[in-house]
file final36.tsv (TSV, C-alpha atoms)
chain	number	residue	atom	x	y	z
A	1	MET	CA	-52.03	22.45	121.91
A	2	TYR	CA	-55.05	24.66	122.58
A	3	LYS	CA	-56.18	27.50	120.36
A	4	ILE	CA	-58.30	30.55	121.15
A	5	GLU	CA	-61.31	30.80	118.81
A	6	THR	CA	-63.89	33.48	118.12
A	7	PRO	CA	-67.34	31.96	117.52
A	8	GLU	CA	-68.61	33.02	114.11
A	9	THR	CA	-71.23	30.61	112.81
A	10	GLU	CA	-74.63	29.84	114.30
A	11	ALA	CA	-73.32	26.40	115.26
A	12	ASP	CA	-70.33	27.99	117.00
A	13	PHE	CA	-72.58	30.23	119.07
A	14	ASP	CA	-74.96	27.38	119.89
A	15	ALA	CA	-72.07	25.36	121.30
A	16	TYR	CA	-70.69	28.43	123.09
A	17	PHE	CA	-73.99	29.34	124.79
A	18	ASP	CA	-74.81	25.71	125.61
A	19	PHE	CA	-71.49	25.44	127.44
A	20	ARG	CA	-72.10	28.74	129.25
A	21	TRP	CA	-75.50	27.49	130.47
A	22	GLU	CA	-74.10	24.11	131.53
A	23	MET	CA	-71.31	25.69	133.55
A	24	LEU	CA	-72.78	28.92	134.89
A	25	ARG	CA	-76.56	28.55	135.05
A	26	LYS	CA	-77.65	24.91	135.15
A	27	PRO	CA	-75.99	24.22	138.57
A	28	TRP	CA	-78.34	26.82	140.10
A	29	ASN	CA	-81.41	25.46	138.29
A	30	TYR	CA	-81.80	28.37	135.87
A	31	PRO	CA	-83.41	27.58	132.49
A	32	GLN	CA	-81.68	27.73	129.15
A	33	GLY	CA	-81.81	31.28	127.86
A	34	SER	CA	-80.87	32.76	131.23
A	35	GLU	CA	-77.21	32.53	130.18
A	36	LYS	CA	-77.71	35.37	127.66
A	37	ASP	CA	-78.16	39.09	128.25
A	38	GLU	CA	-78.59	42.33	126.31
A	39	TYR	CA	-74.85	42.78	125.74
A	40	GLU	CA	-74.23	39.74	123.54
A	41	GLN	CA	-74.34	41.68	120.25
A	42	VAL	CA	-71.84	44.31	121.39
A	43	SER	CA	-69.44	41.87	123.07
A	44	GLU	CA	-66.35	40.00	121.92
A	45	HIS	CA	-66.59	36.26	122.65
A	46	ARG	CA	-63.75	33.74	122.93
A	47	MET	CA	-63.68	29.97	123.38
A	48	ILE	CA	-61.37	26.94	123.36
A	49	ARG	CA	-62.23	23.46	122.07
A	50	ASN	CA	-60.65	20.09	122.80
A	51	ASN	CA	-59.40	17.71	120.10
A	52	LYS	CA	-62.95	16.32	119.74
A	53	GLY	CA	-64.32	19.76	118.91
A	54	ASP	CA	-66.14	20.20	122.22
A	55	VAL	CA	-66.09	23.64	123.86
A	56	ILE	CA	-64.09	23.46	127.11
A	57	ALA	CA	-63.45	27.14	127.98
A	58	ILE	CA	-65.19	30.46	127.28
A	59	GLY	CA	-65.17	34.17	128.16
A	60	ARG	CA	-66.63	37.50	127.08
A	61	VAL	CA	-65.72	41.19	127.15
A	62	HIS	CA	-67.69	44.34	126.30
A	63	MET	CA	-67.05	48.05	126.76
A	64	ASN	CA	-69.05	49.81	129.48
A	65	ASN	CA	-67.73	53.15	128.21
A	66	SER	CA	-64.74	54.46	126.26
A	67	GLU	CA	-62.33	53.62	129.11
A	68	GLU	CA	-63.80	50.60	130.89
A	69	ALA	CA	-64.08	46.98	129.73
A	70	GLN	CA	-66.31	44.45	131.49
A	71	ILE	CA	-65.14	40.82	131.75
A	72	ARG	CA	-67.88	38.21	132.18
A	73	HIS	CA	-68.69	34.52	131.89
A	74	ILE	CA	-65.21	33.01	132.28
A	75	ALA	CA	-65.71	29.24	132.56
A	76	VAL	CA	-63.61	26.09	132.08
A	77	ALA	CA	-64.90	22.50	131.92
A	78	ASN	CA	-64.23	20.53	135.08
A	79	GLU	CA	-62.08	17.96	133.29
A	80	ALA	CA	-59.95	20.71	131.67
A	81	GLN	CA	-59.17	22.76	134.76
A	82	GLY	CA	-55.58	23.22	135.90
A	83	ARG	CA	-54.23	23.59	132.35
A	84	GLY	CA	-54.11	27.40	132.20
A	85	LEU	CA	-57.10	27.70	129.86
A	86	ALA	CA	-58.82	30.39	131.92
A	87	LYS	CA	-55.70	32.55	131.75
A	88	MET	CA	-55.51	31.98	127.99
A	89	ILE	CA	-59.08	33.25	127.66
A	90	MET	CA	-58.36	36.19	129.99
A	91	SER	CA	-55.24	37.16	128.03
A	92	SER	CA	-57.24	37.19	124.79
A	93	LEU	CA	-60.02	39.31	126.33
A	94	GLU	CA	-57.49	41.75	127.78
A	95	ALA	CA	-55.93	42.16	124.33
A	96	VAL	CA	-59.38	43.10	122.99
A	97	ALA	CA	-59.87	45.60	125.84
A	98	ARG	CA	-56.52	47.23	125.10
A	99	GLN	CA	-57.32	47.47	121.38
A	100	GLU	CA	-60.57	49.21	122.27
A	101	GLY	CA	-58.64	51.77	124.31
A	102	ALA	CA	-59.71	50.61	127.78
A	103	VAL	CA	-57.64	51.88	130.70
A	104	ARG	CA	-59.22	49.48	133.16
A	105	MET	CA	-61.10	46.19	133.24
A	106	VAL	CA	-63.80	45.27	135.74
A	107	THR	CA	-65.47	42.01	136.66
A	108	ASN	CA	-67.92	40.79	139.27
A	109	SER	CA	-66.44	37.72	140.89
A	110	ARG	CA	-67.91	35.07	143.16
A	111	GLU	CA	-65.80	34.14	146.19
A	112	LEU	CA	-64.66	30.93	144.55
A	113	SER	CA	-63.18	32.72	141.52
A	114	THR	CA	-61.69	35.74	143.33
A	115	PRO	CA	-58.21	34.11	143.69
A	116	PHE	CA	-58.11	33.49	139.93
A	117	PHE	CA	-58.85	37.12	139.10
A	118	GLU	CA	-56.32	38.28	141.69
A	119	SER	CA	-53.70	36.11	139.95
A	120	CYS	CA	-54.57	37.98	136.73
A	121	GLY	CA	-53.92	41.38	138.34
A	122	PHE	CA	-57.42	42.29	139.56
A	123	GLU	CA	-58.08	43.83	142.96
A	124	VAL	CA	-61.30	43.76	144.98
A	125	GLU	CA	-62.85	47.23	144.97
A	126	LYS	CA	-66.27	46.76	146.56
A	127	GLU	CA	-69.18	44.38	146.93
A	128	ALA	CA	-71.24	44.03	143.76
A	129	SER	CA	-74.96	43.46	143.42
A	130	ALA	CA	-76.01	39.82	143.66
A	131	GLU	CA	-76.22	38.01	140.34
A	132	LEU	CA	-79.64	36.59	139.55
A	133	GLY	CA	-80.69	37.70	143.01
A	134	LYS	CA	-78.69	35.02	144.86
A	135	LEU	CA	-74.99	34.81	144.10
A	136	LYS	CA	-72.87	37.14	146.22
A	137	ARG	CA	-70.08	38.77	144.25
A	138	GLN	CA	-67.15	41.19	144.59
A	139	GLN	CA	-66.45	43.93	142.05
A	140	MET	CA	-62.82	43.66	140.98
A	141	VAL	CA	-60.73	46.08	138.93
A	142	LYS	CA	-57.54	45.82	136.90
A	143	ARG	CA	-55.88	49.01	135.65
A	144	LEU	CA	-54.24	48.63	132.28
A	145	LEU	CA	-50.86	50.09	131.40
A	146	GLU	CA	-49.71	50.42	127.80
A	147	HIS	CA	-47.33	47.71	126.63
A	148	ASN	CA	-44.36	48.69	124.45
A	149	SER	CA	-45.56	52.26	123.95
A	150	ILE	CA	-43.36	55.34	124.09
A	151	LEU	CA	-44.74	58.61	125.38
A	152	LEU	CA	-42.18	61.37	125.11
A	153	HIS	CA	-43.51	64.46	126.91
A	154	PRO	CA	-46.49	62.70	128.53
A	155	LYS	CA	-47.98	66.00	129.73
A	156	TRP	CA	-48.14	67.29	126.16
A	157	CYS	CA	-49.64	64.01	125.00
A	158	LYS	CA	-52.33	64.20	127.69
A	159	GLU	CA	-53.06	67.82	126.74
A	160	LEU	CA	-53.45	66.77	123.11
A	161	GLN	CA	-55.79	63.91	124.03
A	162	ASP	CA	-57.84	66.21	126.28
A	163	THR	CA	-57.99	68.86	123.54
A	164	TRP	CA	-59.42	66.33	121.09
A	165	HIS	CA	-62.05	65.12	123.52
A	166	ASP	CA	-63.02	68.63	124.64
A	167	SER	CA	-63.02	70.28	121.22
A	168	ILE	CA	-64.09	67.31	119.10
A	169	PRO	CA	-66.25	65.09	121.36
A	170	ILE	CA	-66.92	62.65	118.54
A	171	SER	CA	-63.24	61.65	118.67
A	172	GLU	CA	-63.84	60.08	122.08
A	173	GLN	CA	-66.93	58.24	120.78
A	174	MET	CA	-64.82	56.90	117.91
A	175	GLY	CA	-62.27	55.61	120.40
A	176	ILE	CA	-59.42	57.66	118.89
A	177	LYS	CA	-56.49	57.66	121.29
A	178	LEU	CA	-52.86	58.71	121.21
A	179	TYR	CA	-50.87	55.48	121.36
A	180	GLN	CA	-47.26	56.62	121.23
A	181	TYR	CA	-45.08	59.65	120.53
A	182	SER	CA	-41.31	59.34	120.16
A	183	GLY	CA	-40.54	62.92	119.14
A	184	LYS	CA	-40.22	61.78	115.54
A	185	THR	CA	-43.31	59.59	115.12
A	186	LEU	CA	-46.87	60.00	116.37
A	187	GLU	CA	-49.13	56.95	116.36
A	188	ASN	CA	-52.86	57.10	117.08
A	189	ARG	CA	-55.31	54.22	117.19
A	190	ALA	CA	-59.08	53.94	116.93
A	191	SER	CA	-61.67	51.38	117.97
A	192	LEU	CA	-62.86	49.26	115.06
A	193	ASN	CA	-66.06	48.26	116.87
A	194	LYS	CA	-67.07	51.91	117.30
A	195	ASN	CA	-66.52	52.69	113.60
A	196	ILE	CA	-67.72	49.53	111.89
A	197	ASN	CA	-70.05	49.48	108.88
A	198	LEU	CA	-72.48	46.83	107.67
A	199	HIS	CA	-69.64	45.06	105.83
A	200	GLY	CA	-67.69	44.56	109.06
A	201	THR	CA	-65.01	47.09	108.06
A	202	MET	CA	-64.16	50.61	109.20
A	203	PHE	CA	-66.14	53.54	107.78
A	204	ALA	CA	-64.09	55.48	105.21
A	205	GLY	CA	-65.11	58.70	106.96
A	206	SER	CA	-63.76	57.39	110.25
A	207	ILE	CA	-60.44	56.53	108.60
A	208	PHE	CA	-60.25	60.06	107.19
A	209	SER	CA	-61.01	61.52	110.65
A	210	LEU	CA	-58.30	59.37	112.26
A	211	ALA	CA	-55.77	60.53	109.65
A	212	THR	CA	-56.77	64.20	109.94
A	213	LEU	CA	-56.46	64.21	113.73
A	214	THR	CA	-53.10	62.44	113.54
A	215	GLY	CA	-51.68	65.12	111.25
A	216	TRP	CA	-53.22	67.83	113.45
A	217	GLY	CA	-51.72	66.16	116.53
A	218	MET	CA	-48.22	65.99	115.06
A	219	ILE	CA	-48.31	69.74	114.37
A	220	PHE	CA	-49.67	70.38	117.90
A	221	LEU	CA	-46.74	68.49	119.41
A	222	GLN	CA	-44.21	70.17	117.12
A	223	LEU	CA	-45.47	73.58	118.26
A	224	LYS	CA	-44.85	72.43	121.83
A	225	GLU	CA	-41.34	71.28	120.88
A	226	LYS	CA	-40.60	74.72	119.40
A	227	ASN	CA	-42.27	76.65	122.24
A	228	LEU	CA	-44.71	78.25	119.78
A	229	MET	CA	-48.47	78.75	119.86
A	230	GLY	CA	-50.97	78.86	117.04
A	231	GLU	CA	-54.39	77.75	115.90
A	232	ILE	CA	-54.19	74.69	113.65
A	233	VAL	CA	-56.74	74.30	110.85
A	234	LEU	CA	-56.98	71.81	108.00
A	235	GLY	CA	-56.74	73.52	104.62
A	236	ASP	CA	-56.94	70.48	102.37
A	237	GLY	CA	-56.82	66.74	102.75
A	238	ASN	CA	-56.68	63.82	100.33
A	239	ILE	CA	-56.70	60.12	101.10
A	240	HIS	CA	-56.16	57.06	98.92
A	241	TYR	CA	-57.69	53.80	100.12
A	242	HIS	CA	-56.20	50.47	99.05
A	243	LYS	CA	-57.68	47.89	101.44
A	244	PRO	CA	-60.46	47.84	104.05
A	245	ILE	CA	-59.67	47.87	107.77
A	246	THR	CA	-60.93	44.75	109.51
A	247	MET	CA	-58.72	44.46	112.61
A	248	GLN	CA	-56.74	47.30	114.27
A	249	PRO	CA	-56.95	50.86	112.87
A	250	ARG	CA	-53.59	52.64	113.21
A	251	ALA	CA	-52.36	56.01	111.93
A	252	LEU	CA	-48.71	57.05	111.88
A	253	CYS	CA	-47.20	60.43	111.06
A	254	HIS	CA	-43.41	60.67	110.75
A	255	ILE	CA	-41.66	63.99	111.24
A	256	GLU	CA	-39.77	63.45	107.97
A	257	SER	CA	-43.06	63.88	106.10
A	258	LEU	CA	-43.56	67.46	107.37
A	259	ASN	CA	-42.87	70.13	104.77
A	260	GLY	CA	-42.99	73.78	105.83
A	261	LYS	CA	-41.56	76.24	108.31
A	262	PHE	CA	-42.92	77.37	111.66
A	263	ASP	CA	-40.77	80.51	111.84
A	264	GLY	CA	-43.49	82.90	110.67
A	265	LEU	CA	-45.49	82.37	113.87
A	266	SER	CA	-42.91	84.27	115.91
A	267	LYS	CA	-43.60	87.22	113.59
A	268	ASP	CA	-47.40	86.85	113.86
A	269	LYS	CA	-47.64	85.37	110.37
A	270	LYS	CA	-49.57	82.26	109.39
A	271	CYS	CA	-47.65	79.16	108.34
A	272	GLN	CA	-48.47	76.36	105.95
A	273	ILE	CA	-47.42	72.80	106.82
A	274	LYS	CA	-47.83	69.82	104.50
A	275	LEU	CA	-47.55	66.28	105.80
A	276	LYS	CA	-48.44	62.65	105.21
A	277	VAL	CA	-50.11	60.06	107.43
A	278	ASP	CA	-49.87	56.32	106.87
A	279	ILE	CA	-52.96	54.26	107.73
A	280	LEU	CA	-52.46	50.63	108.73
A	281	ASP	CA	-54.66	47.71	109.68
A	282	GLY	CA	-52.44	46.05	112.24
A	283	ASP	CA	-49.15	45.86	110.34
A	284	THR	CA	-50.70	46.08	106.85
A	285	ALA	CA	-50.61	49.42	105.00
A	286	VAL	CA	-54.11	50.23	103.75
A	287	ALA	CA	-54.24	53.97	102.96
A	288	GLU	CA	-52.21	57.18	102.68
A	289	PHE	CA	-53.37	60.66	103.67
A	290	SER	CA	-51.85	63.92	102.43
A	291	GLY	CA	-52.83	67.05	104.36
A	292	VAL	CA	-52.26	70.78	104.11
A	293	TYR	CA	-52.62	72.56	107.44
A	294	TRP	CA	-52.47	76.23	108.30
A	295	ILE	CA	-51.21	77.52	111.62
A	296	LEU	CA	-52.74	80.88	112.47
A	297	PRO	CA	-51.20	83.26	115.04
A	298	LEU	CA	-53.20	83.54	118.24
A	299	GLU	CA	-54.68	86.80	119.38
A	300	PRO	CA	-52.63	88.33	122.28
A	301	GLU	CA	-55.52	87.77	124.70
A	302	LYS	CA	-55.66	84.07	123.84
A	303	GLN	CA	-51.90	83.74	124.15
A	304	ASP	CA	-52.08	85.16	127.67
A	305	GLU	CA	-54.96	82.82	128.53
A	306	ILE	CA	-52.99	79.75	127.38
A	307	ALA	CA	-49.80	80.93	129.07
A	308	HIS	CA	-51.60	81.14	132.40
call {"tool": "encode", "arguments": {"input": "final36.tsv", "output": "structure tokens"}}
result
Amino acid sequence: MYKIETPETEADFDAYFDFRWEMLRKPWNYPQGSEKDEYEQVSEHRMIRNNKGDVIAIGRVHMNNSEEAQIRHIAVANEAQGRGLAKMIMSSLEAVARQEGAVRMVTNSRELSTPFFESCGFEVEKEASAELGKLKRQQMVKRLLEHNSILLHPKWCKELQDTWHDSIPISEQMGIKLYQYSGKTLENRASLNKNINLHGTMFAGSIFSLATLTGWGMIFLQLKEKNLMGEIVLGDGNIHYHKPITMQPRALCHIESLNGKFDGLSKDKKCQIKLKVDILDGDTAVAEFSGVYWILPLEPEKQDEIAH
């Protein structure tokens, strides 16, 4: 039985990088140290050991931007090949990419490894620059689709996501993305790596922002459901933190938590909506947010602009 590990200690990383050099650099007579690059600190690393504790498979992923993950340095010991270890590593790295909100993964593959990446769903897109000036490679791409996510009214969901990124650019830098909307529940997720503090946990301010945008988003989608328009503003917000977030930041708003009526908008009157957002770290509840939002009627000119 093999287990995916994340190197944590100095000894772990020494073994990990030694194996990377042995497999990917030493055969071409490159010195130790050439196996590392400037992305090591911002990457997620994975490895597998045998029953003696020796590293026998490795891989790495880092984000090129908010939507693209780069896969690099997949290697399996010669004596351990044919056991599916490379695909185990790839599956783990893809899970990281999805958590970070990537919509595609890219890798630069040598001819020998191209069939492996094709078996993992990658397609050759173009020729890549030669690695270390010698090794000819192909740039390959895999487009990621959400697993087990529900997107009722996908056009509305895309409009909401675009509105966040256009109006609040920092939301994109934080990796806040709409994960699913069922009509009754809105779930958003954020990237932990983009919001991590010196303790290795998520900034409290980032958690508050994720909760605020989730409440705002639920009201946005409810306005769409009711064929109404209005400007949504946060009037008051309170959050209670119980545990730090160390894995997967999630925010859920259930329609049952909404308290208030939207009817006044049709009469050009502002409306007050109260709601709650649950914050989870994976499946563990870690905080609760209570928000008071106001929906202000739009000026006639703005209504016409949106309608067209």
call {"tool": "residues_around", "arguments": {"input": "final36.tsv", "residues": "Ala211 of chain A", "least_positions_apart": "6", "cutoff": "7 Å", "atoms": "only C-alpha atoms", "output": "ChimeraX atom specification"}}
result
/A:251,277,289
call {"tool": "closest_residue", "arguments": {"input": "final36.tsv", "among": "A:Thr246, A:Gln161, A:Asn193, A:Ser167", "to": "Gly217 of chain A", "atoms": "only C-alpha atoms"}}
result
A:Gln161
call {"tool": "closest_residue", "arguments": {"input": "final36.tsv", "among": "A:Ala77, A:Thr6, A:Gly82, A:Gly215", "to": "Trp21 of chain A", "atoms": "only C-alpha atoms"}}
result
A:Ala77
call {"tool": "closest_residue", "arguments": {"input": "final36.tsv", "among": "A:Met174, A:Val106, A:Ile232, A:Leu280", "to": "Glu187 of chain A", "atoms": "all atoms listed in the file"}}
result
A:Leu280
call {"tool": "closest_atom_pairs", "arguments": {"input": "final36.tsv", "of": "segment 18-103 of chain A", "to": "segment 107-110 of chain A", "cutoff": "9 Å", "atoms": "only C-alpha atoms", "output": "tab-separated table"}}
result
residue	atom	partner	partner_atom	distance
A:Ala69	CA	A:Thr107	CA	8.6
A:Gln70	CA	A:Thr107	CA	5.8
A:Ile71	CA	A:Thr107	CA	5.1
A:Arg72	CA	A:Thr107	CA	6.3
call {"tool": "closest_residue", "arguments": {"input": "final36.tsv", "among": "A:Arg98, A:Lys261, A:Lys226, A:Lys3", "to": "Ile295 of chain A", "atoms": "all atoms listed in the file"}}
result
A:Lys261
call {"tool": "closest_residue", "arguments": {"input": "final36.tsv", "among": "A:Phe116, A:Trp164, A:Asn197, A:Gly53", "to": "Gly84 of chain A", "atoms": "all atoms listed in the file"}}
result
A:Phe116
